[in-house]
Amino acid sequence: MTTRLRPGATAVRDIYSFLADLGMDCDVNPCTAFAGTVDPARAADAAGWRDLVTRLGLTRALADLVEVAERDVVVTFAPRPEPVIGDPAELVTGYHNSHPLRLDEAAHLALWPAGDGEYVVFVKFSHLIVDGTDVVDLLRHVRAWLRGDEPPGRPGSRYRHHERTVRQYAALPAADPDEVVRALGDLPEPGRKGIPTISASDERWLPLRAGVTFDELLSAVTDALLPVLGGGLILQYPYSRWNFATKGGYYVEIKPLVVRAGDAAQYTPEHFAKTREAQEALGRFTMSDIGALARAFTRGRMPRIVVSDTTFMRPEPGRWRWIPVRSARVFEDLKFLADRSWPGPPLLRMQYKPGFLSPGTATDVLYRLEQRIGASGGTP
């Protein structure tokens with residue numbers, strides 16, 4: 001029986017649908033992997049792991065959102081007896097894609113012995129209760145616990161008033177859909193049609209020039225895509241309201257940016273900054289709330305293209321070694337995910353459906369991005 005969403009959980013309706021209806025754990029729930037020295041007692045401490053997750057506030061937060069009692073929230077501890085053989089990235093990627101979180105599961109920890117007191121560690125959280133900034137904070141506590149230390153600061157402080165924050169977000173004034181449509185103007189016709197099915201995922205990586213802003217990223221992506229895809233685009237980007245961004249939980253709205261066919265030079269960083277400011281002032285809405293946008297992506301097969309700040313959850317240097325984890329399947333046609341956070345360096349992951357971009361086209365897009373915002377000689 002499916003664990004149902006509570007009626008007041010407005011902020012996570014789309015995330016819940018991706019997980020419950022589309023089975024997209026592999027590309028939705030945030031996860032990371034890293035290698036380093038783990039306290040042997042913690043590597044076998046299932047009760048301690050559940051206690052940590054509970055103290056961090058995650059079991060209570062999930063119970064606020066889905067119809068499950070806190071005591072019944074699943075917290076998985078999965079020490080693996082087999083040692084690491086071969087490429088750790090392949091190991092954790094295969095594990096991630098074959099072990100989706102349940103809807104009533106808050107967190108999952110797996111670890112493999114790697115010799116000399118080291119372990120490969122895999123951690124996954126439910127996106128229903130975390131966003132990127134939450135994950136960065138939570139992983140500081142998790143890695144301290146794995147080393148045998150007391151978690152830093154005040155565990156659970158981010159989630160102390162989670163239930164109240166969920167209600168406050170739901171009470172925000174909703175945008176008028178007609179006003180949003182007027183602000184967007186006529187929606188363009190796509191050149192290259194999107195692929196309407198969940199598909200296999202491929203990816204490329206690009207080191208970014210230090211100091212690249214989000215609006216510069218939007219401008220560079222537009223410049224790279226317009227001549228390659230033809231037609232117009234509707235870029236999607238996540239927006240977090242400042243008064244919710246520092247509170248534990250997912251309070252993200254997916255916003256559209258209309259790009260019309262023609263001269264990419266008009267889509268400057270200043271254009272995107274001004275457009276985003278005007279759109280974000282319209283009230284609470286996410287793209288699925290706007291019928292005209294839904295029709296553009298379904299009937300019109302507008303490609304789904306996401307541009308987002310993110311975190312790849314890279315650990316603090318010197319103690320742990322980061323291991324990238326890949327998603328096997330993807331819903332969107334193309335995603336540009338930029339991690340400009342500490343410890344750096346800035347890094348972009350371009351994730352795409354191979355049926356949407358050929359290898360040659362993907363190389364061309366990445367080359368054009370490198371010329372604008374790449375670390376190896378990109379121009380401002």
# chains A, B, ... in the order shown; residues from 1 in each chain; ligands from 1
call {"tool": "residues_around", "arguments": {"residues": "A:Asp215", "least_positions_apart": "2", "cutoff": "6 Å", "atoms": "only C-alpha atoms", "output": "PyMOL selection string"}}
result
chain A and resi 213+217-218+269+272
call {"tool": "write_last_selection", "arguments": {"atoms": "C-alpha atoms", "output": "CSV table (one decimal), in the first residue's frame"}}
result
chain,number,residue,atom,x,y,z
A,213,THR,CA,27.0,33.8,-11.2
A,217,LEU,CA,25.2,30.4,-16.2
A,218,LEU,CA,21.7,30.9,-17.6
A,269,PRO,CA,22.9,37.9,-17.4
A,272,PHE,CA,17.8,36.9,-16.7
call {"tool": "residues_around", "arguments": {"residues": "A:Gly291", "least_positions_apart": "4", "cutoff": "12 Å", "atoms": "only C-alpha atoms", "output": "PDB file with C-alpha atoms, in the first residue's frame"}}
result
ATOM      1  CA  ASP A 176      -2.720  34.195 -10.183  1.00  0.00           C
ATOM      2  CA  PRO A 177      -2.121  31.705 -13.048  1.00  0.00           C
ATOM      3  CA  ASP A 178      -3.487  34.183 -15.605  1.00  0.00           C
ATOM      4  CA  VAL A 180       1.829  34.352 -14.715  1.00  0.00           C
ATOM      5  CA  VAL A 181       0.793  33.471 -18.276  1.00  0.00           C
ATOM      6  CA  PHE A 285       3.697  29.007  -7.879  1.00  0.00           C
ATOM      7  CA  THR A 286       5.605  26.182  -9.429  1.00  0.00           C
ATOM      8  CA  MET A 287       5.479  25.202 -13.091  1.00  0.00           C
ATOM      9  CA  ARG A 295       0.412  21.716 -22.261  1.00  0.00           C
ATOM     10  CA  ALA A 296       3.606  23.091 -23.832  1.00  0.00           C
ATOM     11  CA  PHE A 297       5.606  20.186 -22.407  1.00  0.00           C
ATOM     12  CA  THR A 298       3.048  17.452 -23.074  1.00  0.00           C
ATOM     13  CA  ARG A 299       1.204  18.294 -26.293  1.00  0.00           C
TER      14      ARG A 299
END
call {"tool": "select_by_dssp", "arguments": {"residues": "stretch 123-329 of chain A", "states": "strand (DSSP E or B)", "output": "MDAnalysis selection string"}}
result
chainID A and resid 123:125 174 190 199:200 202:208 231:240 252:259 284 305:309 320:323 329
call {"tool": "residues_around", "arguments": {"residues": "A:Leu347", "least_positions_apart": "2", "cutoff": "10 Å", "atoms": "only C-alpha atoms", "output": "PyMOL selection string"}}
result
chain A and resi 205-210+310-312+337-341+344-345+349+374-375
call {"tool": "residues_around", "arguments": {"residues": "A:Thr246", "least_positions_apart": "3", "cutoff": "12 Å", "atoms": "only C-alpha atoms", "output": "mmCIF file with C-alpha atoms, in the first residue's frame"}}
result
data_model
loop_
_atom_site.group_PDB
_atom_site.id
_atom_site.type_symbol
_atom_site.label_atom_id
_atom_site.label_comp_id
_atom_site.auth_asym_id
_atom_site.auth_seq_id
_atom_site.Cartn_x
_atom_site.Cartn_y
_atom_site.Cartn_z
ATOM 1 C CA VAL A 130 15.767 17.913 2.437
ATOM 2 C CA ASP A 131 17.026 20.413 -0.096
ATOM 3 C CA GLY A 132 20.639 21.076 -1.069
ATOM 4 C CA THR A 133 21.530 23.309 1.872
ATOM 5 C CA ASP A 134 19.991 20.834 4.309
ATOM 6 C CA VAL A 135 22.059 17.983 2.878
ATOM 7 C CA VAL A 136 25.328 19.895 3.254
ATOM 8 C CA ASP A 137 24.543 20.545 6.922
ATOM 9 C CA SER A 157 18.082 22.720 15.003
ATOM 10 C CA ARG A 158 17.202 23.175 11.312
ATOM 11 C CA TYR A 159 14.106 20.997 11.731
ATOM 12 C CA HIS A 161 9.869 23.890 13.808
ATOM 13 C CA HIS A 162 9.416 21.856 10.618
ATOM 14 C CA THR A 165 7.184 25.880 8.614
ATOM 15 C CA SER A 240 13.820 29.116 -2.789
ATOM 16 C CA ARG A 241 12.353 32.024 -0.835
ATOM 17 C CA TRP A 242 14.944 33.535 1.463
ATOM 18 C CA ASN A 243 12.860 33.167 4.636
ATOM 19 C CA GLY A 249 12.795 20.924 4.535
ATOM 20 C CA TYR A 250 11.929 21.233 0.851
ATOM 21 C CA TYR A 251 10.307 24.580 -0.068
ATOM 22 C CA VAL A 252 11.378 24.940 -3.692
#
call {"tool": "closest_residue", "arguments": {"among": "A:Arg192, A:Arg42, A:Arg304, A:His96", "to": "A:Gln236", "atoms": "only C-alpha atoms"}}
result
A:Arg304
call {"tool": "atom_distance", "arguments": {"atom1": "atom CA of A:Arg50", "atom2": "atom CA of A:Val74"}}
result
8.9 Å
call {"tool": "select_by_dssp", "arguments": {"residues": "stretch 91-285 of chain A", "states": "helix (DSSP H, G or I)", "output": "PyMOL selection string"}}
result
chain A and resi 91-98+132-147+157-159+162-170+177-184+214-229+242-245+264-266+269-280
call {"tool": "residues_around", "arguments": {"residues": "A:Gly318", "least_positions_apart": "6", "cutoff": "12 Å", "atoms": "only C-alpha atoms", "output": "list in words"}}
result
Phe34, Ala35, Gly36, Thr37 and Pro343 of chain A
call {"tool": "residues_around", "arguments": {"residues": "A:Leu293", "least_positions_apart": "6", "cutoff": "10 Å", "atoms": "only C-alpha atoms", "output": "PDB file with N, CA, C and O atoms, in the first residue's frame"}}
result
ATOM      1  N   VAL A 181       0.814  33.700 -16.828  1.00  0.00           N
ATOM      2  CA  VAL A 181       0.793  33.471 -18.276  1.00  0.00           C
ATOM      3  C   VAL A 181       1.013  34.795 -19.029  1.00  0.00           C
ATOM      4  O   VAL A 181       1.745  34.840 -20.026  1.00  0.00           O
ATOM      5  N   LEU A 184       4.646  35.706 -18.940  1.00  0.00           N
ATOM      6  CA  LEU A 184       5.479  34.874 -19.803  1.00  0.00           C
ATOM      7  C   LEU A 184       5.335  35.248 -21.275  1.00  0.00           C
ATOM      8  O   LEU A 184       6.274  35.099 -22.062  1.00  0.00           O
ATOM      9  N   LEU A 187       4.096  31.476 -25.682  1.00  0.00           N
ATOM     10  CA  LEU A 187       5.115  30.452 -25.507  1.00  0.00           C
ATOM     11  C   LEU A 187       5.667  30.031 -26.860  1.00  0.00           C
ATOM     12  O   LEU A 187       4.916  29.869 -27.829  1.00  0.00           O
ATOM     13  N   ILE A 234      12.011  26.764 -23.070  1.00  0.00           N
ATOM     14  CA  ILE A 234      11.545  27.177 -21.749  1.00  0.00           C
ATOM     15  C   ILE A 234      12.478  26.532 -20.735  1.00  0.00           C
ATOM     16  O   ILE A 234      12.415  25.324 -20.493  1.00  0.00           O
ATOM     17  N   PRO A 256       9.750  29.047 -14.698  1.00  0.00           N
ATOM     18  CA  PRO A 256      10.091  28.994 -16.122  1.00  0.00           C
ATOM     19  C   PRO A 256      10.784  30.279 -16.595  1.00  0.00           C
ATOM     20  O   PRO A 256      10.520  31.372 -16.086  1.00  0.00           O
ATOM     21  N   MET A 287       5.880  25.332 -11.699  1.00  0.00           N
ATOM     22  CA  MET A 287       5.479  25.202 -13.091  1.00  0.00           C
ATOM     23  C   MET A 287       4.265  24.304 -13.282  1.00  0.00           C
ATOM     24  O   MET A 287       3.429  24.545 -14.150  1.00  0.00           O
ATOM     25  N   GLY A 300       2.910  19.955 -26.826  1.00  0.00           N
ATOM     26  CA  GLY A 300       3.881  20.601 -27.706  1.00  0.00           C
ATOM     27  C   GLY A 300       5.253  19.991 -27.677  1.00  0.00           C
ATOM     28  O   GLY A 300       6.108  20.323 -28.497  1.00  0.00           O
ATOM     29  N   MET A 302       7.742  20.486 -25.801  1.00  0.00           N
ATOM     30  CA  MET A 302       8.852  21.366 -25.481  1.00  0.00           C
ATOM     31  C   MET A 302       9.871  20.565 -24.669  1.00  0.00           C
ATOM     32  O   MET A 302       9.508  19.861 -23.728  1.00  0.00           O
TER      33      MET A 302
END
call {"tool": "residues_around", "arguments": {"residues": "A:Thr361", "least_positions_apart": "3", "cutoff": "12 Å", "atoms": "only C-alpha atoms", "output": "ChimeraX atom specification"}}
result
/A:204,224-225,227-229,352-358,364-368
call {"tool": "write_last_selection", "arguments": {"atoms": "N, CA and C atoms", "output": "mmCIF file, in the first residue's frame"}}
result
data_model
loop_
_atom_site.group_PDB
_atom_site.id
_atom_site.type_symbol
_atom_site.label_atom_id
_atom_site.label_comp_id
_atom_site.auth_asym_id
_atom_site.auth_seq_id
_atom_site.Cartn_x
_atom_site.Cartn_y
_atom_site.Cartn_z
ATOM 1 N N ARG A 204 28.170 14.652 -18.810
ATOM 2 C CA ARG A 204 29.491 15.229 -19.064
ATOM 3 C C ARG A 204 29.794 16.208 -17.923
ATOM 4 N N ALA A 224 24.597 28.521 -25.725
ATOM 5 C CA ALA A 224 25.061 27.226 -26.215
ATOM 6 C C ALA A 224 23.955 26.428 -26.894
ATOM 7 N N LEU A 225 22.708 26.598 -26.420
ATOM 8 C CA LEU A 225 21.626 25.740 -26.899
ATOM 9 C C LEU A 225 20.878 26.271 -28.114
ATOM 10 N N PRO A 227 21.586 27.822 -30.991
ATOM 11 C CA PRO A 227 21.990 27.415 -32.342
ATOM 12 C C PRO A 227 21.989 25.901 -32.549
ATOM 13 N N VAL A 228 22.023 25.144 -31.471
ATOM 14 C CA VAL A 228 22.092 23.686 -31.577
ATOM 15 C C VAL A 228 20.704 23.068 -31.689
ATOM 16 N N LEU A 229 19.756 23.585 -30.885
ATOM 17 C CA LEU A 229 18.425 22.981 -30.838
ATOM 18 C C LEU A 229 17.441 23.640 -31.785
ATOM 19 N N TYR A 352 21.919 14.327 -19.521
ATOM 20 C CA TYR A 352 21.018 14.374 -20.676
ATOM 21 C C TYR A 352 20.604 12.981 -21.117
ATOM 22 N N LYS A 353 19.503 12.961 -21.891
ATOM 23 C CA LYS A 353 19.070 11.730 -22.535
ATOM 24 C C LYS A 353 19.864 11.559 -23.828
ATOM 25 N N PRO A 354 20.549 10.435 -24.011
ATOM 26 C CA PRO A 354 21.298 10.243 -25.258
ATOM 27 C C PRO A 354 20.428 10.326 -26.504
ATOM 28 N N GLY A 355 19.132 10.028 -26.369
ATOM 29 C CA GLY A 355 18.242 10.169 -27.514
ATOM 30 C C GLY A 355 17.909 11.609 -27.845
ATOM 31 N N PHE A 356 18.187 12.511 -26.907
ATOM 32 C CA PHE A 356 17.926 13.931 -27.145
ATOM 33 C C PHE A 356 19.171 14.635 -27.683
ATOM 34 N N LEU A 357 20.323 14.321 -27.131
ATOM 35 C CA LEU A 357 21.591 14.860 -27.630
ATOM 36 C C LEU A 357 22.477 13.705 -28.092
ATOM 37 N N SER A 358 22.964 13.782 -29.298
ATOM 38 C CA SER A 358 23.942 12.806 -29.762
ATOM 39 C C SER A 358 25.285 13.101 -29.089
ATOM 40 N N ASP A 364 29.619 19.507 -28.571
ATOM 41 C CA ASP A 364 29.512 20.876 -29.074
ATOM 42 C C ASP A 364 28.951 21.803 -28.011
ATOM 43 N N VAL A 365 27.883 21.360 -27.313
ATOM 44 C CA VAL A 365 27.284 22.182 -26.260
ATOM 45 C C VAL A 365 28.295 22.436 -25.152
ATOM 46 N N LEU A 366 29.007 21.404 -24.743
ATOM 47 C CA LEU A 366 29.983 21.560 -23.672
ATOM 48 C C LEU A 366 31.124 22.480 -24.087
ATOM 49 N N TYR A 367 31.541 22.384 -25.359
ATOM 50 C CA TYR A 367 32.602 23.265 -25.858
ATOM 51 C C TYR A 367 32.153 24.724 -25.818
ATOM 52 N N ARG A 368 30.928 24.983 -26.237
ATOM 53 C CA ARG A 368 30.427 26.358 -26.232
ATOM 54 C C ARG A 368 30.338 26.896 -24.798
#
call {"tool": "closest_residue", "arguments": {"among": "A:Pro238, A:Arg55, A:Phe214, A:Val325", "to": "A:His141", "atoms": "only C-alpha atoms"}}
result
A:Arg55
call {"tool": "atom_distance", "arguments": {"atom1": "atom CA of A:Asp263", "atom2": "atom CA of A:Gly231"}}
result
11.1 Å
